[in-house]
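Participant: The structure that follows is given in the form of structure tokens.
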Amino acid sequence: MLLGARSEQHWLRMCYGRLGHLFPYLPGQPGYHKRLKAAGPLLAAVIDHLARQSPSWYDPVRLIDATPVPYGTSRETVKRSELAGWARYGSCAAHSRWYWGLKRYLITTPDGMPVAWCLADPQIGEREVAGDLLAHAARTGAPRPGLILIGDTGFAGREFEDLVAAGYAMSLVRPDRRDEAPRHGSIGWIRQRIESANDTLKGQLDLEQHGGRTTEGLYARIAQRLLAMGAAIWHNWAAGAPAKRSLTTFDN
């Protein structure tokens with residue numbers, strides 16, 4: 001991901017042509033694909049480890065957001081895909097479009113370090129999925145009492161706010177809706193941070209060109225991109241770089 005290889009074929013060609021001396025053995029594309037799918041849980045474990053090693057882990061703020069992960073653009077793909085039954089049609093309000101695929105939920109620190117994430121049916125309510133994601137994060141010890149969870153208006157609702165407060169001893173902060181009394185304002189200045197992290201994943205790490213065709217393959221490819229961003233953030237903290245989410249160091 002960090003070296004610009006956007007597919008398994010591209011990566012293996014790069015390894016054979018330029019990096020072969022670094023590897024005692026290189027599998028073919030089918031063997032590499034099999035290993036990649038099996039490594040999905042390991043990729044997730046490394047993301048969690050790097051997050052806990054970064055100074056931003058101790059920041060009192062967490063950001064939560066959801067973004068589309070499109071898969072197919074043709075009706076034949078929708079009917080024949082192994083993801084059918086999990087992936088479904090959903091709408092993306094930010095870009096005024098419909099897509100077929102999944103929705104990725106992500107909790108990060110303010111610098112964009114992934115803390116917890118999941119993939120979900122886009123037709124399931126955001127608050128419902130976020131509640132399950134928080135429950136999963138709690139089982140790993142990720143959330144701690146006193147944190148401030150910042151989300152958009154899609155997470156508005158008394159039940160979800162009570163869940164965050166009573167279930168996890170955290171505070172939910174979101175933009176004010178037009179039909180309620182002012183509380184926090186637009187909070188765009190902090191929301192921009194996770195939007196920028198999403199831009200990094202989609203723009204520089206090609207999140208929407210993941211190429212996954214199976215449940216395990218899609219999971220591993222999303223984890224690859226999250227790990228690439230997390231590794232860059234961890235490295236930039238260790239190196240004292242001023243821009244923690246910058247990938248410029250790895251462009252060459």
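The chains in the structure tokens are called A, B, ... from first to last as shown; in each chain the residues are counted from 1, and the ligands are counted from 1 in the order shown.
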I'd like the neighbourhood of Leu218 (chain A) as a ChimeraX atom specification, where a residue qualifies if any of its atoms comes within 10 Å (using only C-alpha atoms), though same-chain residues fewer than 4 positions away should be ignored.
Facilitator: /A:37,40,69,71,83,119,210-214,222-224
Participant: Leaving out Tyr89 (chain A) and any residue of its chain fewer than 2 positions from it, which residues lie within 8 Å of it when counting only C-alpha atoms, given as a PyMOL selection string?
Facilitator: chain A and resi 87+91+98-101+122-123
Participant: Please provide the set of residues having any atom within 12 Å of region 239-249 of chain A, restricted to only C-alpha atoms, with same-chain residues fewer than 2 positions apart removed, written as a ChimeraX atom specification.
Facilitator: /A:1-4,54-56,109-114,193-194,196-201,203-205,226,228-237,251-252
Participant: Take the residues that were just selected and, keeping N, CA and C atoms, output them as a tab-separated table (two decimals), in the first residue's frame.
Facilitator:
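Listing of selection_1.tsv after writing:
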```
chain	number	residue	atom	x	y	z
A	1	MET	N	0.82	-1.21	0.00
A	1	MET	CA	0.00	0.00	0.00
A	1	MET	C	0.86	1.27	0.00
A	2	LEU	N	1.88	1.29	0.84
A	2	LEU	CA	2.71	2.49	0.98
A	2	LEU	C	3.64	2.70	-0.21
A	3	LEU	N	3.94	1.65	-0.94
A	3	LEU	CA	4.82	1.76	-2.11
A	3	LEU	C	4.03	1.92	-3.40
A	4	GLY	N	2.73	2.09	-3.29
A	4	GLY	CA	1.93	2.35	-4.48
A	4	GLY	C	1.45	1.12	-5.20
A	54	SER	N	1.21	4.32	20.23
A	54	SER	CA	1.29	5.71	19.82
A	54	SER	C	0.84	6.64	20.94
A	55	PRO	N	1.49	7.80	21.08
A	55	PRO	CA	1.10	8.75	22.12
A	55	PRO	C	-0.36	9.18	22.05
A	56	SER	N	-0.93	9.20	20.84
A	56	SER	CA	-2.31	9.65	20.70
A	56	SER	C	-3.31	8.69	21.33
A	109	THR	N	-8.16	8.01	16.84
A	109	THR	CA	-7.67	9.10	17.68
A	109	THR	C	-7.67	10.38	16.83
A	110	PRO	N	-7.45	11.56	17.40
A	110	PRO	CA	-7.49	12.78	16.61
A	110	PRO	C	-6.49	12.85	15.46
A	111	ASP	N	-5.38	12.09	15.54
A	111	ASP	CA	-4.42	12.10	14.45
A	111	ASP	C	-4.75	11.10	13.36
A	112	GLY	N	-5.84	10.36	13.51
A	112	GLY	CA	-6.26	9.41	12.49
A	112	GLY	C	-5.87	7.97	12.75
A	113	MET	N	-5.22	7.68	13.88
A	113	MET	CA	-4.83	6.31	14.19
A	113	MET	C	-6.06	5.43	14.40
A	114	PRO	N	-6.22	4.36	13.64
A	114	PRO	CA	-7.38	3.48	13.82
A	114	PRO	C	-7.37	2.80	15.19
A	193	ARG	N	-10.99	16.29	11.04
A	193	ARG	CA	-9.85	15.39	11.23
A	193	ARG	C	-10.16	13.99	10.70
A	194	ILE	N	-11.32	13.45	11.05
A	194	ILE	CA	-11.62	12.10	10.56
A	194	ILE	C	-12.01	12.13	9.09
A	196	SER	N	-10.50	13.98	6.98
A	196	SER	CA	-9.19	13.98	6.34
A	196	SER	C	-8.57	12.59	6.34
A	197	ALA	N	-8.79	11.84	7.43
A	197	ALA	CA	-8.29	10.45	7.48
A	197	ALA	C	-8.98	9.61	6.41
A	198	ASN	N	-10.28	9.82	6.22
A	198	ASN	CA	-11.00	9.11	5.17
A	198	ASN	C	-10.47	9.48	3.79
A	199	ASP	N	-10.12	10.75	3.61
A	199	ASP	CA	-9.54	11.17	2.33
A	199	ASP	C	-8.21	10.47	2.07
A	200	THR	N	-7.41	10.30	3.12
A	200	THR	CA	-6.14	9.58	2.96
A	200	THR	C	-6.39	8.14	2.54
A	201	LEU	N	-7.36	7.48	3.17
A	201	LEU	CA	-7.67	6.09	2.85
A	201	LEU	C	-8.21	5.96	1.42
A	203	GLY	N	-8.02	8.40	-1.13
A	203	GLY	CA	-7.20	9.00	-2.15
A	203	GLY	C	-5.84	8.36	-2.31
A	204	GLN	N	-5.04	8.37	-1.25
A	204	GLN	CA	-3.68	7.87	-1.34
A	204	GLN	C	-3.58	6.35	-1.21
A	205	LEU	N	-4.53	5.73	-0.50
A	205	LEU	CA	-4.46	4.29	-0.28
A	205	LEU	C	-5.56	3.52	-1.01
A	226	LEU	N	-5.87	0.23	6.38
A	226	LEU	CA	-5.88	0.81	7.73
A	226	LEU	C	-4.53	0.62	8.41
A	228	ALA	N	-1.63	0.35	6.85
A	228	ALA	CA	-0.68	1.24	6.20
A	228	ALA	C	-0.75	2.64	6.80
A	229	MET	N	-1.97	3.15	6.98
A	229	MET	CA	-2.12	4.49	7.57
A	229	MET	C	-1.66	4.48	9.02
A	230	GLY	N	-2.04	3.43	9.79
A	230	GLY	CA	-1.62	3.36	11.18
A	230	GLY	C	-0.12	3.25	11.33
A	231	ALA	N	0.53	2.47	10.45
A	231	ALA	CA	1.99	2.33	10.52
A	231	ALA	C	2.68	3.66	10.22
A	232	ALA	N	2.13	4.42	9.26
A	232	ALA	CA	2.71	5.72	8.94
A	232	ALA	C	2.57	6.68	10.13
A	233	ILE	N	1.41	6.68	10.76
A	233	ILE	CA	1.22	7.55	11.93
A	233	ILE	C	2.17	7.16	13.05
A	234	TRP	N	2.27	5.85	13.33
A	234	TRP	CA	3.20	5.38	14.37
A	234	TRP	C	4.63	5.79	14.04
A	235	HIS	N	5.05	5.61	12.80
A	235	HIS	CA	6.41	5.97	12.40
A	235	HIS	C	6.65	7.46	12.54
A	236	ASN	N	5.67	8.27	12.13
A	236	ASN	CA	5.86	9.72	12.21
A	236	ASN	C	5.94	10.21	13.65
A	237	TRP	N	5.21	9.56	14.55
A	237	TRP	CA	5.37	9.88	15.97
A	237	TRP	C	6.79	9.53	16.43
A	251	ASP	N	6.57	7.75	-0.17
A	251	ASP	CA	6.19	7.84	-1.58
A	251	ASP	C	7.26	7.28	-2.51
A	252	ASN	N	8.51	7.24	-2.07
A	252	ASN	CA	9.56	6.75	-2.95
A	252	ASN	C	9.85	5.28	-2.71
```
Participant: One decimal, Å: what's the distance from CA of Phe160 (chain A) over to CA of Pro70 (chain A), could you say?
Facilitator: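 These atoms are spaced 26.8 Å apart.
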Participant: Just the helix (DSSP H, G or I) stuff from region 30-103 of chain A, please, per backbone DSSP, written as a ChimeraX atom specification.
Facilitator: /A:30-38,40-53,55-58,75-80
Participant: Write out the residues from the selection above, keeping N, CA and C atoms, as an mmCIF file, in the first residue's frame.
Facilitator:
```cif
data_model
loop_
_atom_site.group_PDB
_atom_site.id
_atom_site.type_symbol
_atom_site.label_atom_id
_atom_site.label_comp_id
_atom_site.auth_asym_id
_atom_site.auth_seq_id
_atom_site.Cartn_x
_atom_site.Cartn_y
_atom_site.Cartn_z
ATOM 1 N N PRO A 30 -1.763 -16.920 -6.765
ATOM 2 C CA PRO A 30 -2.756 -17.677 -5.977
ATOM 3 C C PRO A 30 -2.285 -17.964 -4.551
ATOM 4 N N GLY A 31 -0.999 -18.304 -4.403
ATOM 5 C CA GLY A 31 -0.480 -18.572 -3.066
ATOM 6 C C GLY A 31 -0.447 -17.330 -2.196
ATOM 7 N N TYR A 32 -0.085 -16.200 -2.810
ATOM 8 C CA TYR A 32 -0.069 -14.947 -2.053
ATOM 9 C C TYR A 32 -1.481 -14.568 -1.617
ATOM 10 N N HIS A 33 -2.449 -14.738 -2.540
ATOM 11 C CA HIS A 33 -3.840 -14.406 -2.210
ATOM 12 C C HIS A 33 -4.330 -15.258 -1.040
ATOM 13 N N LYS A 34 -3.996 -16.533 -1.041
ATOM 14 C CA LYS A 34 -4.407 -17.426 0.047
ATOM 15 C C LYS A 34 -3.799 -16.975 1.362
ATOM 16 N N ARG A 35 -2.536 -16.604 1.356
ATOM 17 C CA ARG A 35 -1.866 -16.145 2.578
ATOM 18 C C ARG A 35 -2.444 -14.824 3.068
ATOM 19 N N LEU A 36 -2.767 -13.935 2.127
ATOM 20 C CA LEU A 36 -3.319 -12.631 2.504
ATOM 21 C C LEU A 36 -4.660 -12.789 3.209
ATOM 22 N N LYS A 37 -5.532 -13.628 2.662
ATOM 23 C CA LYS A 37 -6.844 -13.835 3.287
ATOM 24 C C LYS A 37 -6.688 -14.415 4.690
ATOM 25 N N ALA A 38 -5.756 -15.339 4.852
ATOM 26 C CA ALA A 38 -5.552 -15.952 6.167
ATOM 27 C C ALA A 38 -4.961 -14.978 7.169
ATOM 28 N N GLY A 40 -5.801 -11.856 7.661
ATOM 29 C CA GLY A 40 -6.694 -10.773 8.070
ATOM 30 C C GLY A 40 -6.704 -10.513 9.567
ATOM 31 N N PRO A 41 -6.907 -11.531 10.411
ATOM 32 C CA PRO A 41 -6.897 -11.299 11.866
ATOM 33 C C PRO A 41 -5.551 -10.795 12.372
ATOM 34 N N LEU A 42 -4.463 -11.231 11.751
ATOM 35 C CA LEU A 42 -3.137 -10.750 12.163
ATOM 36 C C LEU A 42 -2.966 -9.270 11.827
ATOM 37 N N LEU A 43 -3.451 -8.860 10.654
ATOM 38 C CA LEU A 43 -3.387 -7.443 10.291
ATOM 39 C C LEU A 43 -4.148 -6.600 11.310
ATOM 40 N N ALA A 44 -5.337 -7.074 11.710
ATOM 41 C CA ALA A 44 -6.144 -6.345 12.698
ATOM 42 C C ALA A 44 -5.420 -6.261 14.037
ATOM 43 N N ALA A 45 -4.728 -7.348 14.423
ATOM 44 C CA ALA A 45 -3.999 -7.347 15.695
ATOM 45 C C ALA A 45 -2.840 -6.352 15.671
ATOM 46 N N VAL A 46 -2.172 -6.232 14.529
ATOM 47 C CA VAL A 46 -1.054 -5.283 14.424
ATOM 48 C C VAL A 46 -1.563 -3.847 14.471
ATOM 49 N N ILE A 47 -2.710 -3.582 13.827
ATOM 50 C CA ILE A 47 -3.311 -2.244 13.908
ATOM 51 C C ILE A 47 -3.553 -1.869 15.364
ATOM 52 N N ASP A 48 -4.144 -2.788 16.123
ATOM 53 C CA ASP A 48 -4.428 -2.536 17.537
ATOM 54 C C ASP A 48 -3.138 -2.313 18.325
ATOM 55 N N HIS A 49 -2.100 -3.090 18.036
ATOM 56 C CA HIS A 49 -0.830 -2.949 18.756
ATOM 57 C C HIS A 49 -0.198 -1.588 18.491
ATOM 58 N N LEU A 50 -0.158 -1.163 17.220
ATOM 59 C CA LEU A 50 0.444 0.129 16.891
ATOM 60 C C LEU A 50 -0.334 1.283 17.519
ATOM 61 N N ALA A 51 -1.667 1.144 17.542
ATOM 62 C CA ALA A 51 -2.485 2.201 18.154
ATOM 63 C C ALA A 51 -2.115 2.386 19.618
ATOM 64 N N ARG A 52 -1.907 1.275 20.321
ATOM 65 C CA ARG A 52 -1.596 1.352 21.746
ATOM 66 C C ARG A 52 -0.172 1.835 22.001
ATOM 67 N N GLN A 53 0.696 1.757 20.988
ATOM 68 C CA GLN A 53 2.067 2.228 21.141
ATOM 69 C C GLN A 53 2.227 3.707 20.798
ATOM 70 N N PRO A 55 1.490 7.795 21.079
ATOM 71 C CA PRO A 55 1.096 8.749 22.124
ATOM 72 C C PRO A 55 -0.359 9.183 22.046
ATOM 73 N N SER A 56 -0.926 9.198 20.839
ATOM 74 C CA SER A 56 -2.311 9.655 20.696
ATOM 75 C C SER A 56 -3.308 8.694 21.330
ATOM 76 N N TRP A 57 -2.870 7.484 21.691
ATOM 77 C CA TRP A 57 -3.752 6.542 22.394
ATOM 78 C C TRP A 57 -4.265 7.159 23.701
ATOM 79 N N TYR A 58 -3.463 8.028 24.297
ATOM 80 C CA TYR A 58 -3.808 8.614 25.595
ATOM 81 C C TYR A 58 -4.561 9.932 25.447
ATOM 82 N N ARG A 75 -25.274 -5.001 -12.538
ATOM 83 C CA ARG A 75 -26.268 -5.894 -11.952
ATOM 84 C C ARG A 75 -25.763 -7.330 -11.917
ATOM 85 N N GLU A 76 -24.977 -7.742 -12.907
ATOM 86 C CA GLU A 76 -24.444 -9.093 -12.931
ATOM 87 C C GLU A 76 -23.509 -9.325 -11.744
ATOM 88 N N THR A 77 -22.699 -8.309 -11.429
ATOM 89 C CA THR A 77 -21.809 -8.421 -10.276
ATOM 90 C C THR A 77 -22.612 -8.592 -8.993
ATOM 91 N N VAL A 78 -23.676 -7.802 -8.881
ATOM 92 C CA VAL A 78 -24.509 -7.872 -7.675
ATOM 93 C C VAL A 78 -25.114 -9.266 -7.512
ATOM 94 N N LYS A 79 -25.555 -9.866 -8.612
ATOM 95 C CA LYS A 79 -26.222 -11.161 -8.536
ATOM 96 C C LYS A 79 -25.235 -12.299 -8.280
ATOM 97 N N ARG A 80 -24.020 -12.196 -8.811
ATOM 98 C CA ARG A 80 -23.083 -13.318 -8.768
ATOM 99 C C ARG A 80 -22.037 -13.203 -7.671
#
```
Participant: Quick one, how far is CA of Trp117 (chain A) from CA of Ile187 (chain A)?
Facilitator: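 Atom-to-atom, CA of Trp117 (chain A) and CA of Ile187 (chain A) are spaced 22.5 Å apart.
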Participant: Applying 12 Å and only C-alpha atoms, which residues near Leu163 (chain A) remain after dropping the ones on its own chain fewer than 2 positions away? List them as a PyMOL selection string.
Facilitator: chain A and resi 127-128+130-132+134-135+149+155-161+165-172
Participant: Would you compute the distance between CA of Asp179 (chain A) and CA of Gly151 (chain A)? Give it in Å to one decimal.
Facilitator: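 Computing it gives 17.7 Å between the two atoms.
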Participant: Set the distance at 10 Å and use only C-alpha atoms: which residues neighbour Gly28 (chain A) once local chain neighbours fewer than 6 positions away are removed? I'd like the list as JSON, numbers by chain.
Facilitator: {"A": [8, 9, 12]}
